[in-house]
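S.K.: There's a structure below that I have some questions on.
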Amino acid sequence: LPAMVNNLTTTHHLKSTLPYNKLSKKLKAVTLQEAIAFKNDDDGDIVIPNQEFSQQAHVPSFEKYLEMYKRSVEDPAGFWSEIASEFYWKKKWGDQVYSENLDIRKGKINIEWFKGGMTNICYNCLDKNIDSGNGEKIAIHWEGNEPGLDGSLTYNQLLDRVCQLANYLKENGVKKGDSVIIYLPMLMELPIAMLACARIGAVHSVVFAGFSSESLVQRIMDCKPKIVITCNAVRRGTKVINLKDIVDAALLESSKEGTSIGLCLTYANELAMKKEATKWQKERDVWWQDVVPECSTKCDVEWVDAEDPLFLLYTSGSTGKPKGVLHTTGGYMVYTATTFKYAFDYKPSDIYWCTADCGWITGHSYVSYGPLLNGATVVVFEGAPNYPDPGRCWDIVDKYKVTLFYTAPTLVRSLMRDGNEARILFDLSFFFYVTRRSRKSLRVLGSVGEPINPKSWRWFYDVVGDSRCPISDTWWQTETGGFMMTPLPGAWPQKPGSTTFPFFGFRYISCLLSYVKCPAIVDEKGKELEGECSGYLCIKHSWPGAFRTLYGDQERYETTYFSAFPGYYFSGDGCSRDKDGYHWLTGRVDDVINVSGHRIGTAEVESALVLHPQCAEAAVVGVEHEVKGQCIYAFVTPIEGVEYSEDLRKSLVLSVRTHIGAFAAPEKIHWAPGLPKTRSGKIMRRILRKIASRQLDELGDTSTLADPHVVDQLIDLADK
Ligand code: WTA
């Protein structure tokens with residue numbers, strides 16, 4: 001066996017051109033799983049799937065994956081239209097399942113899937129599941145911030161609630177194609193509002209309720225919503241956040257700038273704030289509870305074209321202004337449902353909990369649409385994962401018998417610190433935060449948002465999952481709509497920290513082993529790299545869940561994503577591939593940083609800092625952070641004559657909080673008499689990154705700087 005396996009894997013890594021159908025008999029004699037596992041026995045951590053799990057999985061083996069993958073890339077139209085047929089379509093799509101141009105040299109970038117097909121995603125999430133007998137199944141278990149405060153909705157009840165709101169929106173003039181801004185915390189009303197918009201063909205734009213009023217203004221000015229939906233306040237942990245005040249300030253500001261919003265539908269969250277205590281503008285504000293329950297629970301569906309917009313979601317890029325990522329209906333529906341099903345090995349008996357907020361893409365695709373399209377029971381959690389103590393997540397897992405648990409590495413790291421490390425020596429109870437609950441319902445764990453380092457992966461796997469549950473480390477983006485790379489649980493061995501292999505649908509395959517070519521990894525010149533390599537992660541062909549444009553700015557869409565490497569969509573991420581074909585994300589290669597899984601553009605933080613009257617110049621870089629993954633590190637030059645002081649530092653941080661939101665606050669302000677610039681005035685961020693991470697012996701060549709002396713000054717001020 002060893003010789004055979006060696007032989008086999010060598011062929012594999014030599015990128016043999018062996019056609020799939022002539023695949024060596026040897027490969028059939030021993031599964032690839034065994035081969036890889038064997039090969040890696042002594043040169044790296046590897047986790048072999050449990051046989052029992054694999055046997056019951058949708059994709060039980062690597063061979064089965066390859067078979068499906070091969071079909072998906074050789075016949076994308078057939079593969080995806082077969083899956084799409086499982087949904088309800090009022091009218092089937094035209095002859096052409098998809099059309100695309102991802103090559104900027106050939107003209108306008110264009111992606112379309114299922115064009116001409118008429119459907120409705122809300123109908124597919126609710127009515128269709130009810131029609132198939134699941135009306136009394138729980139759709140949402142809602143867990144409030146305070147333990148003991150909870151609620152639930154069956155599919156029937158959820159449909160009633162959605163219809164009532166949809167009718168209210170219609171009565172107030174919201175029509176197909178209009179946009180609606182939703183600024184809500186994780187109440188059940190958030191997914192309800194999204195689904196209500198979708199039901200009537202309105203385009204929702206959810207703004208994460210941690211964004212400041214200025215960020216809200218920016219989004220209101222960009223998409224000009226008919227209505228804003230919010231609530232008066234929310235409790236998160238021990239804090240009460242007055243959301244209505246933030247919205248009031250935003251609506252005032254946007255009306256000054258020429259966009260007046262006539263209706264602000266406000267949910268009264270009385271546990272956080274009494275109605276009477278809420279500031280109110282009679283002619284504009286309406287309490288949700290006063291009007292929505294009066295509306296009919298029946299609301300006809302607006303059938304929309306597969307390519308009609310479903311939602312806008314603003315995300316950060318490397319320049320200042322947030323980008324309105326636009327997703328359409330049909331392809332997004334098919335893609336989120338399919339990725340959810342396979343990546344979590346979803347079965348109807350599962351109870352699924354994703355800790356993300358619906359203000360981010362993860363909450364769109366994998367709190368709301370993906371799971372509901374599959375008829376799943378979803379836990380929606382309002383609170384903070386460490387309140388009232390760091391064991392809250394495991395309390396919730398046991399309370400609802402959660403089987404699929406999907407979260408971000410930052411949460412894993414924060415709980416790991418509280419639960420199982422040095423502090424255990426001081427207080428044994430920290431360890432019991434995890435072990436005080438059985439967690440035995442768990443079946444599959446998931447991770448998203450940033451690379452999960454092998455140590456956290458191991459803790460997640462061994463401690464949380466009792467070495468029993470496969471981890472789906474899902475790589476994707478706001479732009480991709482759904483998972484692009486992820487392990488399929490049970491299908492192949494896992495290497496802690498690797499997102500493993502591409503999801504179905506990356507086209508370009510002529511032989512078994514060339515699967516490693518897609519997703520494409522390219523060098524600086526855009527040449528595709530093969531086998532073991534490291535480079536920029538690009539995608540060559542469209543997939544149903546892809547975003548279609550940046551709202552109102554096709555040009556920015558094309559230049560940001562399609563011109564760096566003509567012929568490809570460029571993700572902005574670096575990636576390497578090891579000798580076994582496993583993929584490892586290495587982080588953003590542009591000026592975007594990832595703080596606790598939240599995507600923040602350094603340029604946005606810089607503009608917030610320079611808006612401070614005493615800031616002359618600012619440069620922001622990301623540095624590694626034990627819990628947050630990365631944190632924001634800002635170099636600030638105050639204006640002439642202003643002294644460095646603790647007060648100034650605080651008010652600079654406050655400036656970022658008010659212009660963007662608390663989650664973007666810099667961890668460190670480093671005083672800078674000057675910034676390292678080239679003679680042409682360009683800031684050399686490479687040097688700033690090294691100073692920020694105190695890698696002072698790796699500063700490299702500083703002789704090209706206009707004034708190399710600034711580097712010494714910065715080093716002197718490092719801890720001041
Ligand atoms: C990063 C979140 C490594 C990546 C869904 C990407 C990841 C950015 C992973 C998108 C992962 C997401 N491993 N990195 N499993 N998942 N990322 O748009 O840098 O908020 O480009 O979407 O998060 O962030 P976004």
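Ordering of the structure tokens sets the chain letters (A, B, ...), residue numbers begin anew at 1 in every chain, and ligands are numbered from 1 in the order given.
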For Lys279 (chain A), find every residue with an atom within 12 Å (counting only C-alpha atoms), except residues of its own chain fewer than 5 positions away, and show them as number ranges by chain.

M.R.: A: 231-233, 242-249, 266, 268, 273-274, 284-287

S.K.: Can I get the residues close to ligand 1 as a PyMOL selection string, where close means within 7 Å and we count only C-alpha atoms and all ligand atoms?

M.R.: chain A and resi 315+360-362+447-452+473-479+499+571-573+585-588+594+597-599

S.K.: Which of these residues is nearest to Ala139 (chain A), using only C-alpha atoms: A:Thr658, A:Asn374, A:Ser607, A:Thr319?

M.R.: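 The answer is A:Asn374, which sits nearest to Ala139 (chain A).
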
S.K.: Find the distance between CA of Val334 (chain A) and CA of Ile200 (chain A) and write it in Å to one decimal.

M.R.: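 Interatomic distance here is 19.3 Å.
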
S.K.: For Ser296 (chain A), please output as a list in words all residues within 10 Å (counting only C-alpha atoms; exclusion window: fewer than 4 positions along the same chain).

M.R.: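 The contact residues come out as Asp160, Arg161, Cys163, Gln164, Leu165, Ala166, Asn167, Tyr168 and Val292 of chain A.
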
S.K.: Among region 226-428 of chain A, which residues does DSSP mark as strand (DSSP E or B) when it is run on the backbone? Keep the chain and numbering as in the structure and answer as a ChimeraX atom specification.

M.R.: /A:227-231,234-236,239-241,264-267,285-287,304-305,309-315,323-328,351-354,377-381,404-407

S.K.: Quick one: residues within 9 Å of Ala672 (chain A), only C-alpha atoms counted, chain neighbours fewer than 5 positions away excluded, as a list in words?

M.R.: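 Here the qualifying residues turn out to be Glu617, Ala618, Phe635, Val636, Thr637, Pro638, Val710, Gln713, Leu714 and Leu717 of chain A.
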
S.K.: How would the residues just picked look written out with all heavy atoms as a PDB file, in the first residue's frame?

M.R.:
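The resulting result_23.pdb:
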ATOM      1  N   GLU A 617      -2.691  64.825   8.701  1.00  0.00           N
ATOM      2  CA  GLU A 617      -2.550  63.694   7.789  1.00  0.00           C
ATOM      3  C   GLU A 617      -2.654  62.382   8.566  1.00  0.00           C
ATOM      4  O   GLU A 617      -2.287  62.334   9.744  1.00  0.00           O
ATOM      5  CB  GLU A 617      -1.188  63.769   7.100  1.00  0.00           C
ATOM      6  CG  GLU A 617      -1.148  62.982   5.828  1.00  0.00           C
ATOM      7  CD  GLU A 617       0.130  63.215   5.022  1.00  0.00           C
ATOM      8  OE1 GLU A 617       1.099  63.772   5.559  1.00  0.00           O
ATOM      9  OE2 GLU A 617       0.133  62.820   3.867  1.00  0.00           O
ATOM     10  N   ALA A 618      -3.143  61.360   7.901  1.00  0.00           N
ATOM     11  CA  ALA A 618      -3.251  60.064   8.576  1.00  0.00           C
ATOM     12  C   ALA A 618      -2.978  58.938   7.590  1.00  0.00           C
ATOM     13  O   ALA A 618      -3.308  59.041   6.413  1.00  0.00           O
ATOM     14  CB  ALA A 618      -4.657  59.904   9.157  1.00  0.00           C
ATOM     15  N   PHE A 635      -1.380  55.994  11.905  1.00  0.00           N
ATOM     16  CA  PHE A 635      -0.313  56.984  12.073  1.00  0.00           C
ATOM     17  C   PHE A 635      -0.947  58.350  11.822  1.00  0.00           C
ATOM     18  O   PHE A 635      -1.581  58.549  10.784  1.00  0.00           O
ATOM     19  CB  PHE A 635       0.798  56.741  11.053  1.00  0.00           C
ATOM     20  CG  PHE A 635       1.550  55.464  11.289  1.00  0.00           C
ATOM     21  CD1 PHE A 635       1.092  54.256  10.756  1.00  0.00           C
ATOM     22  CD2 PHE A 635       2.707  55.451  12.061  1.00  0.00           C
ATOM     23  CE1 PHE A 635       1.775  53.071  10.979  1.00  0.00           C
ATOM     24  CE2 PHE A 635       3.405  54.268  12.290  1.00  0.00           C
ATOM     25  CZ  PHE A 635       2.940  53.073  11.751  1.00  0.00           C
ATOM     26  N   VAL A 636      -0.796  59.256  12.783  1.00  0.00           N
ATOM     27  CA  VAL A 636      -1.467  60.543  12.646  1.00  0.00           C
ATOM     28  C   VAL A 636      -0.479  61.694  12.822  1.00  0.00           C
ATOM     29  O   VAL A 636       0.279  61.732  13.798  1.00  0.00           O
ATOM     30  CB  VAL A 636      -2.596  60.680  13.699  1.00  0.00           C
ATOM     31  CG1 VAL A 636      -3.186  62.087  13.684  1.00  0.00           C
ATOM     32  CG2 VAL A 636      -3.687  59.661  13.436  1.00  0.00           C
ATOM     33  N   THR A 637      -0.510  62.632  11.901  1.00  0.00           N
ATOM     34  CA  THR A 637       0.268  63.861  12.028  1.00  0.00           C
ATOM     35  C   THR A 637      -0.695  64.988  12.407  1.00  0.00           C
ATOM     36  O   THR A 637      -1.570  65.325  11.610  1.00  0.00           O
ATOM     37  CB  THR A 637       0.939  64.215  10.674  1.00  0.00           C
ATOM     38  OG1 THR A 637       1.585  63.049  10.172  1.00  0.00           O
ATOM     39  CG2 THR A 637       1.931  65.346  10.831  1.00  0.00           C
ATOM     40  N   PRO A 638      -0.564  65.529  13.615  1.00  0.00           N
ATOM     41  CA  PRO A 638      -1.456  66.640  13.970  1.00  0.00           C
ATOM     42  C   PRO A 638      -1.066  67.903  13.212  1.00  0.00           C
ATOM     43  O   PRO A 638       0.057  68.003  12.709  1.00  0.00           O
ATOM     44  CB  PRO A 638      -1.224  66.828  15.474  1.00  0.00           C
ATOM     45  CG  PRO A 638      -0.402  65.672  15.920  1.00  0.00           C
ATOM     46  CD  PRO A 638       0.329  65.171  14.723  1.00  0.00           C
ATOM     47  N   VAL A 710      12.350  60.399   8.759  1.00  0.00           N
ATOM     48  CA  VAL A 710      11.035  60.216   9.404  1.00  0.00           C
ATOM     49  C   VAL A 710      10.888  58.818  10.000  1.00  0.00           C
ATOM     50  O   VAL A 710      10.188  58.637  10.991  1.00  0.00           O
ATOM     51  CB  VAL A 710       9.817  60.497   8.475  1.00  0.00           C
ATOM     52  CG1 VAL A 710       9.772  61.941   8.022  1.00  0.00           C
ATOM     53  CG2 VAL A 710       9.753  59.545   7.327  1.00  0.00           C
ATOM     54  N   GLN A 713      12.200  58.847  13.451  1.00  0.00           N
ATOM     55  CA  GLN A 713      11.265  59.574  14.330  1.00  0.00           C
ATOM     56  C   GLN A 713      10.090  58.679  14.721  1.00  0.00           C
ATOM     57  O   GLN A 713       9.677  58.634  15.871  1.00  0.00           O
ATOM     58  CB  GLN A 713      10.708  60.805  13.606  1.00  0.00           C
ATOM     59  CG  GLN A 713      11.717  61.914  13.430  1.00  0.00           C
ATOM     60  CD  GLN A 713      11.090  63.076  12.663  1.00  0.00           C
ATOM     61  OE1 GLN A 713      10.273  62.861  11.765  1.00  0.00           O
ATOM     62  NE2 GLN A 713      11.476  64.282  13.014  1.00  0.00           N
ATOM     63  N   LEU A 714       9.580  57.956  13.722  1.00  0.00           N
ATOM     64  CA  LEU A 714       8.432  57.079  13.996  1.00  0.00           C
ATOM     65  C   LEU A 714       8.813  55.985  14.981  1.00  0.00           C
ATOM     66  O   LEU A 714       8.045  55.651  15.892  1.00  0.00           O
ATOM     67  CB  LEU A 714       7.898  56.470  12.701  1.00  0.00           C
ATOM     68  CG  LEU A 714       7.152  57.433  11.783  1.00  0.00           C
ATOM     69  CD1 LEU A 714       6.733  56.732  10.500  1.00  0.00           C
ATOM     70  CD2 LEU A 714       5.914  57.991  12.486  1.00  0.00           C
ATOM     71  N   LEU A 717       8.881  57.234  18.449  1.00  0.00           N
ATOM     72  CA  LEU A 717       7.565  57.550  19.025  1.00  0.00           C
ATOM     73  C   LEU A 717       6.669  56.313  19.188  1.00  0.00           C
ATOM     74  O   LEU A 717       5.517  56.428  19.601  1.00  0.00           O
ATOM     75  CB  LEU A 717       6.846  58.571  18.139  1.00  0.00           C
ATOM     76  CG  LEU A 717       7.367  60.014  18.269  1.00  0.00           C
ATOM     77  CD1 LEU A 717       6.863  60.865  17.122  1.00  0.00           C
ATOM     78  CD2 LEU A 717       6.927  60.598  19.605  1.00  0.00           C
TER      79      LEU A 717
END

S.K.: For region 599-669 of chain A versus region 680-701 of chain A, which residues have an atom no more than 10 Å away, and what is each residue's nearest atom pair and distance in Å rounded to one decimal, using only C-alpha atoms, chain-then-number order, as a tab-separated table?

M.R.:
residue	atom	partner	partner_atom	distance
A:Ala619	CA	A:Arg685	CA	7.9
A:Val620	CA	A:Arg685	CA	8.3
A:Val621	CA	A:Arg689	CA	6.1
A:Gly622	CA	A:Arg689	CA	7.2
A:Val623	CA	A:Ser693	CA	6.1
A:Glu624	CA	A:Ser693	CA	7.5
A:His625	CA	A:Ser693	CA	9.8
A:Ile632	CA	A:Ala692	CA	9.8
A:Tyr633	CA	A:Ala692	CA	6.9
A:Ala634	CA	A:Ala692	CA	8.7
A:Phe635	CA	A:Leu688	CA	8.2
A:Lys668	CA	A:Ala692	CA	9.2

S.K.: Residues of the last selection are to be written out with all heavy atoms, as a compact mmCIF listing (two decimals), in the first residue's frame.

M.R.:
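Ended up saving to out.txt:
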# COMPACT_ATOMS: atom_id res chain seq x y z
N ALA A 619 -2.36 57.89 8.09
CA ALA A 619 -2.18 56.68 7.27
C ALA A 619 -2.52 55.48 8.15
O ALA A 619 -2.07 55.39 9.30
CB ALA A 619 -0.74 56.59 6.79
N VAL A 620 -3.34 54.60 7.60
CA VAL A 620 -3.84 53.48 8.40
C VAL A 620 -3.37 52.16 7.81
O VAL A 620 -3.42 51.97 6.60
CB VAL A 620 -5.40 53.54 8.44
CG1 VAL A 620 -5.99 52.26 8.97
CG2 VAL A 620 -5.85 54.73 9.29
N VAL A 621 -2.92 51.28 8.68
CA VAL A 621 -2.55 49.94 8.23
C VAL A 621 -3.20 48.91 9.17
O VAL A 621 -3.65 49.26 10.26
CB VAL A 621 -1.01 49.72 8.22
CG1 VAL A 621 -0.33 50.63 7.21
CG2 VAL A 621 -0.41 49.92 9.61
N GLY A 622 -3.23 47.67 8.73
CA GLY A 622 -3.76 46.61 9.59
C GLY A 622 -2.59 45.87 10.21
O GLY A 622 -1.59 45.62 9.55
N VAL A 623 -2.70 45.55 11.51
CA VAL A 623 -1.68 44.68 12.10
C VAL A 623 -2.37 43.51 12.77
O VAL A 623 -3.53 43.58 13.15
CB VAL A 623 -0.78 45.39 13.16
CG1 VAL A 623 0.17 46.36 12.52
CG2 VAL A 623 -1.58 46.06 14.24
N GLU A 624 -1.60 42.46 12.92
CA GLU A 624 -2.15 41.25 13.52
C GLU A 624 -2.64 41.50 14.94
O GLU A 624 -2.00 42.24 15.68
CB GLU A 624 -1.06 40.19 13.57
CG GLU A 624 -1.37 39.03 12.66
CD GLU A 624 -0.26 38.01 12.69
OE1 GLU A 624 -0.11 37.36 13.74
OE2 GLU A 624 0.44 37.89 11.67
N HIS A 625 -3.76 40.89 15.28
CA HIS A 625 -4.30 41.03 16.63
C HIS A 625 -4.75 39.67 17.11
O HIS A 625 -5.40 38.93 16.36
CB HIS A 625 -5.47 42.02 16.60
CG HIS A 625 -6.03 42.33 17.95
ND1 HIS A 625 -6.93 41.51 18.60
CD2 HIS A 625 -5.81 43.38 18.78
CE1 HIS A 625 -7.25 42.04 19.77
NE2 HIS A 625 -6.58 43.18 19.91
N ILE A 632 -6.86 47.95 13.63
CA ILE A 632 -6.54 49.17 12.90
C ILE A 632 -5.47 49.96 13.63
O ILE A 632 -5.62 50.27 14.81
CB ILE A 632 -7.82 50.02 12.73
CG1 ILE A 632 -8.83 49.21 11.91
CG2 ILE A 632 -7.52 51.36 12.10
CD1 ILE A 632 -10.15 49.89 11.73
N TYR A 633 -4.43 50.26 12.91
CA TYR A 633 -3.29 50.97 13.48
C TYR A 633 -3.12 52.24 12.66
O TYR A 633 -2.91 52.19 11.46
CB TYR A 633 -2.07 50.06 13.36
CG TYR A 633 -0.86 50.48 14.14
CD1 TYR A 633 -0.43 49.74 15.24
CD2 TYR A 633 -0.10 51.60 13.77
CE1 TYR A 633 0.71 50.10 15.95
CE2 TYR A 633 1.03 51.96 14.48
CZ TYR A 633 1.44 51.20 15.58
OH TYR A 633 2.56 51.55 16.28
N ALA A 634 -3.25 53.41 13.34
CA ALA A 634 -3.25 54.66 12.58
C ALA A 634 -2.06 55.53 12.93
O ALA A 634 -1.74 55.75 14.10
CB ALA A 634 -4.54 55.42 12.89
N PHE A 635 -1.38 55.99 11.91
CA PHE A 635 -0.31 56.98 12.07
C PHE A 635 -0.95 58.35 11.82
O PHE A 635 -1.58 58.55 10.78
CB PHE A 635 0.80 56.74 11.05
CG PHE A 635 1.55 55.46 11.29
CD1 PHE A 635 1.09 54.26 10.76
CD2 PHE A 635 2.71 55.45 12.06
CE1 PHE A 635 1.77 53.07 10.98
CE2 PHE A 635 3.41 54.27 12.29
CZ PHE A 635 2.94 53.07 11.75
N LYS A 668 -4.79 51.68 17.90
CA LYS A 668 -3.60 52.44 18.30
C LYS A 668 -3.47 53.68 17.42
O LYS A 668 -3.63 53.62 16.20
CB LYS A 668 -2.38 51.51 18.12
CG LYS A 668 -1.05 52.19 18.06
CD LYS A 668 -0.37 52.24 19.42
CE LYS A 668 0.97 52.99 19.32
NZ LYS A 668 1.54 53.34 20.62

S.K.: What does the distance between CA of Ile539 (chain A) and CA of Gly107 (chain A) come to in Å, to one decimal place?

M.R.: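 Here the two named atoms are 17.7 Å from each other.
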
S.K.: Write out as a ChimeraX atom specification the residues lying within 10 Å of Gly117 (chain A), counting only C-alpha atoms and excluding same-chain residues fewer than 6 positions away.

M.R.: /A:89-94,97,303-307,330

S.K.: Have a look at A:Lys170, A:Lys128, A:Lys455, A:Lys256 and name the one nearest to Leu373 (chain A); count only C-alpha atoms.

M.R.: A:Lys128

S.K.: With distances taken over only C-alpha atoms, which residue among A:Tyr369, A:Leu705, A:Ala84, A:Tyr314 lies nearest Ile600 (chain A)?

M.R.: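 For Ile600 (chain A), the nearest of the given residues is A:Tyr314.
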
S.K.: When you count only C-alpha atoms, which of these residues is closest to Ile109 (chain A): A:Gly601, A:Pro348, A:Pro566, A:Gly629?

M.R.: A:Pro566

S.K.: So which residues touch Phe311 (chain A) within 8 Å, counting only C-alpha atoms, skipping near sequence neighbours fewer than 3 positions away, as a PDB file with N, CA and C atoms, in the first residue's frame?

M.R.:
ATOM      1  N   VAL A 203     -36.213  46.492  -3.369  1.00  0.00           N
ATOM      2  CA  VAL A 203     -34.797  46.154  -3.208  1.00  0.00           C
ATOM      3  C   VAL A 203     -34.368  46.561  -1.802  1.00  0.00           C
ATOM      4  N   HIS A 204     -34.043  45.573  -0.955  1.00  0.00           N
ATOM      5  CA  HIS A 204     -33.653  45.993   0.396  1.00  0.00           C
ATOM      6  C   HIS A 204     -32.181  46.308   0.476  1.00  0.00           C
ATOM      7  N   SER A 205     -31.908  47.254   1.349  1.00  0.00           N
ATOM      8  CA  SER A 205     -30.523  47.570   1.618  1.00  0.00           C
ATOM      9  C   SER A 205     -30.391  47.611   3.125  1.00  0.00           C
ATOM     10  N   LEU A 326     -24.602  44.870  -5.833  1.00  0.00           N
ATOM     11  CA  LEU A 326     -25.966  44.537  -6.245  1.00  0.00           C
ATOM     12  C   LEU A 326     -26.106  43.049  -6.586  1.00  0.00           C
ATOM     13  N   HIS A 327     -27.049  42.410  -5.907  1.00  0.00           N
ATOM     14  CA  HIS A 327     -27.355  41.010  -6.219  1.00  0.00           C
ATOM     15  C   HIS A 327     -28.744  40.919  -6.839  1.00  0.00           C
ATOM     16  N   THR A 328     -28.883  40.002  -7.770  1.00  0.00           N
ATOM     17  CA  THR A 328     -30.190  39.806  -8.398  1.00  0.00           C
ATOM     18  C   THR A 328     -30.841  38.539  -7.836  1.00  0.00           C
TER      19      THR A 328
END

S.K.: Do you have, as a tab-separated table, the list of residues of region 335-366 of chain A lying at most 8 Å from region 208-224 of chain A, each with its nearest atom pair and that distance in Å to one decimal, counting only C-alpha atoms and ordered by chain then number?

M.R.:
residue	atom	partner	partner_atom	distance
A:Asp357	CA	A:Phe208	CA	7.5
A:Cys358	CA	A:Phe208	CA	7.2
A:Gly359	CA	A:Phe208	CA	3.8
A:Trp360	CA	A:Phe208	CA	6.6

S.K.: Would you put the residues from that selection into a file with N, CA, C and O atoms, as a PDB file, in the first residue's frame?

M.R.:
ATOM      1  N   ASP A 357     -24.581  38.841  11.861  1.00  0.00           N
ATOM      2  CA  ASP A 357     -25.675  39.811  11.858  1.00  0.00           C
ATOM      3  C   ASP A 357     -26.163  39.962  10.409  1.00  0.00           C
ATOM      4  O   ASP A 357     -25.358  39.923   9.471  1.00  0.00           O
ATOM      5  N   CYS A 358     -27.475  40.143  10.267  1.00  0.00           N
ATOM      6  CA  CYS A 358     -28.012  40.302   8.903  1.00  0.00           C
ATOM      7  C   CYS A 358     -27.525  41.583   8.232  1.00  0.00           C
ATOM      8  O   CYS A 358     -27.788  41.794   7.053  1.00  0.00           O
ATOM      9  N   GLY A 359     -26.812  42.424   8.969  1.00  0.00           N
ATOM     10  CA  GLY A 359     -26.238  43.621   8.358  1.00  0.00           C
ATOM     11  C   GLY A 359     -25.061  43.320   7.449  1.00  0.00           C
ATOM     12  O   GLY A 359     -24.574  44.208   6.750  1.00  0.00           O
ATOM     13  N   TRP A 360     -24.568  42.097   7.477  1.00  0.00           N
ATOM     14  CA  TRP A 360     -23.450  41.711   6.615  1.00  0.00           C
ATOM     15  C   TRP A 360     -23.938  40.646   5.644  1.00  0.00           C
ATOM     16  O   TRP A 360     -25.002  40.055   5.846  1.00  0.00           O
TER      17      TRP A 360
END

S.K.: Compile the contact shell of Trp142 (chain A) as a count of residues only: residues with an atom at most 9 Å away, counting only C-alpha atoms, same-chain residues fewer than 3 positions apart removed.

M.R.: 13

S.K.: Please, what distance in Å, to one decimal, runs between CA of Asp127 (chain A) and CA of Pro225 (chain A)?

M.R.: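 CA of Pro225 (chain A) lies 27.1 Å from CA of Asp127 (chain A).
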
S.K.: DSSP on the backbone, then: every residue of region 446-528 of chain A marked alpha helix (DSSP H), written as a PyMOL selection string.

M.R.: chain A and resi 454-459

S.K.: Those residues you just picked out, can you put them in a file as a short mmCIF file (atom, residue, chain, number, x, y, z; two decimals), in the first residue's frame with N, CA, C and O atoms?

M.R.:
data_model
loop_
_atom_site.label_atom_id
_atom_site.label_comp_id
_atom_site.auth_asym_id
_atom_site.auth_seq_id
_atom_site.Cartn_x
_atom_site.Cartn_y
_atom_site.Cartn_z
N PRO A 454 -4.50 27.58 12.39
CA PRO A 454 -4.62 26.18 12.79
C PRO A 454 -4.87 25.99 14.29
O PRO A 454 -5.61 25.09 14.68
N LYS A 455 -4.31 26.88 15.11
CA LYS A 455 -4.50 26.72 16.55
C LYS A 455 -5.98 26.92 16.95
O LYS A 455 -6.54 26.13 17.72
N SER A 456 -6.60 27.96 16.38
CA SER A 456 -8.02 28.18 16.70
C SER A 456 -8.86 27.08 16.08
O SER A 456 -9.87 26.66 16.65
N TRP A 457 -8.48 26.64 14.90
CA TRP A 457 -9.20 25.56 14.23
C TRP A 457 -9.23 24.34 15.14
O TRP A 457 -10.28 23.72 15.37
N ARG A 458 -8.06 24.04 15.70
CA ARG A 458 -7.93 22.87 16.57
C ARG A 458 -8.79 22.99 17.82
O ARG A 458 -9.44 22.03 18.25
N TRP A 459 -8.80 24.20 18.40
CA TRP A 459 -9.61 24.41 19.61
C TRP A 459 -11.09 24.25 19.28
O TRP A 459 -11.84 23.61 19.99
#

S.K.: Identify which of the residues A:Arg548, A:Pro409, A:Gly567, A:His670 lies closest to Val595 (chain A), counting only C-alpha atoms when measuring atom-to-atom distances.

M.R.: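 Looking only at the distances to Val595 (chain A), the closest residue turns out to be A:Pro409.
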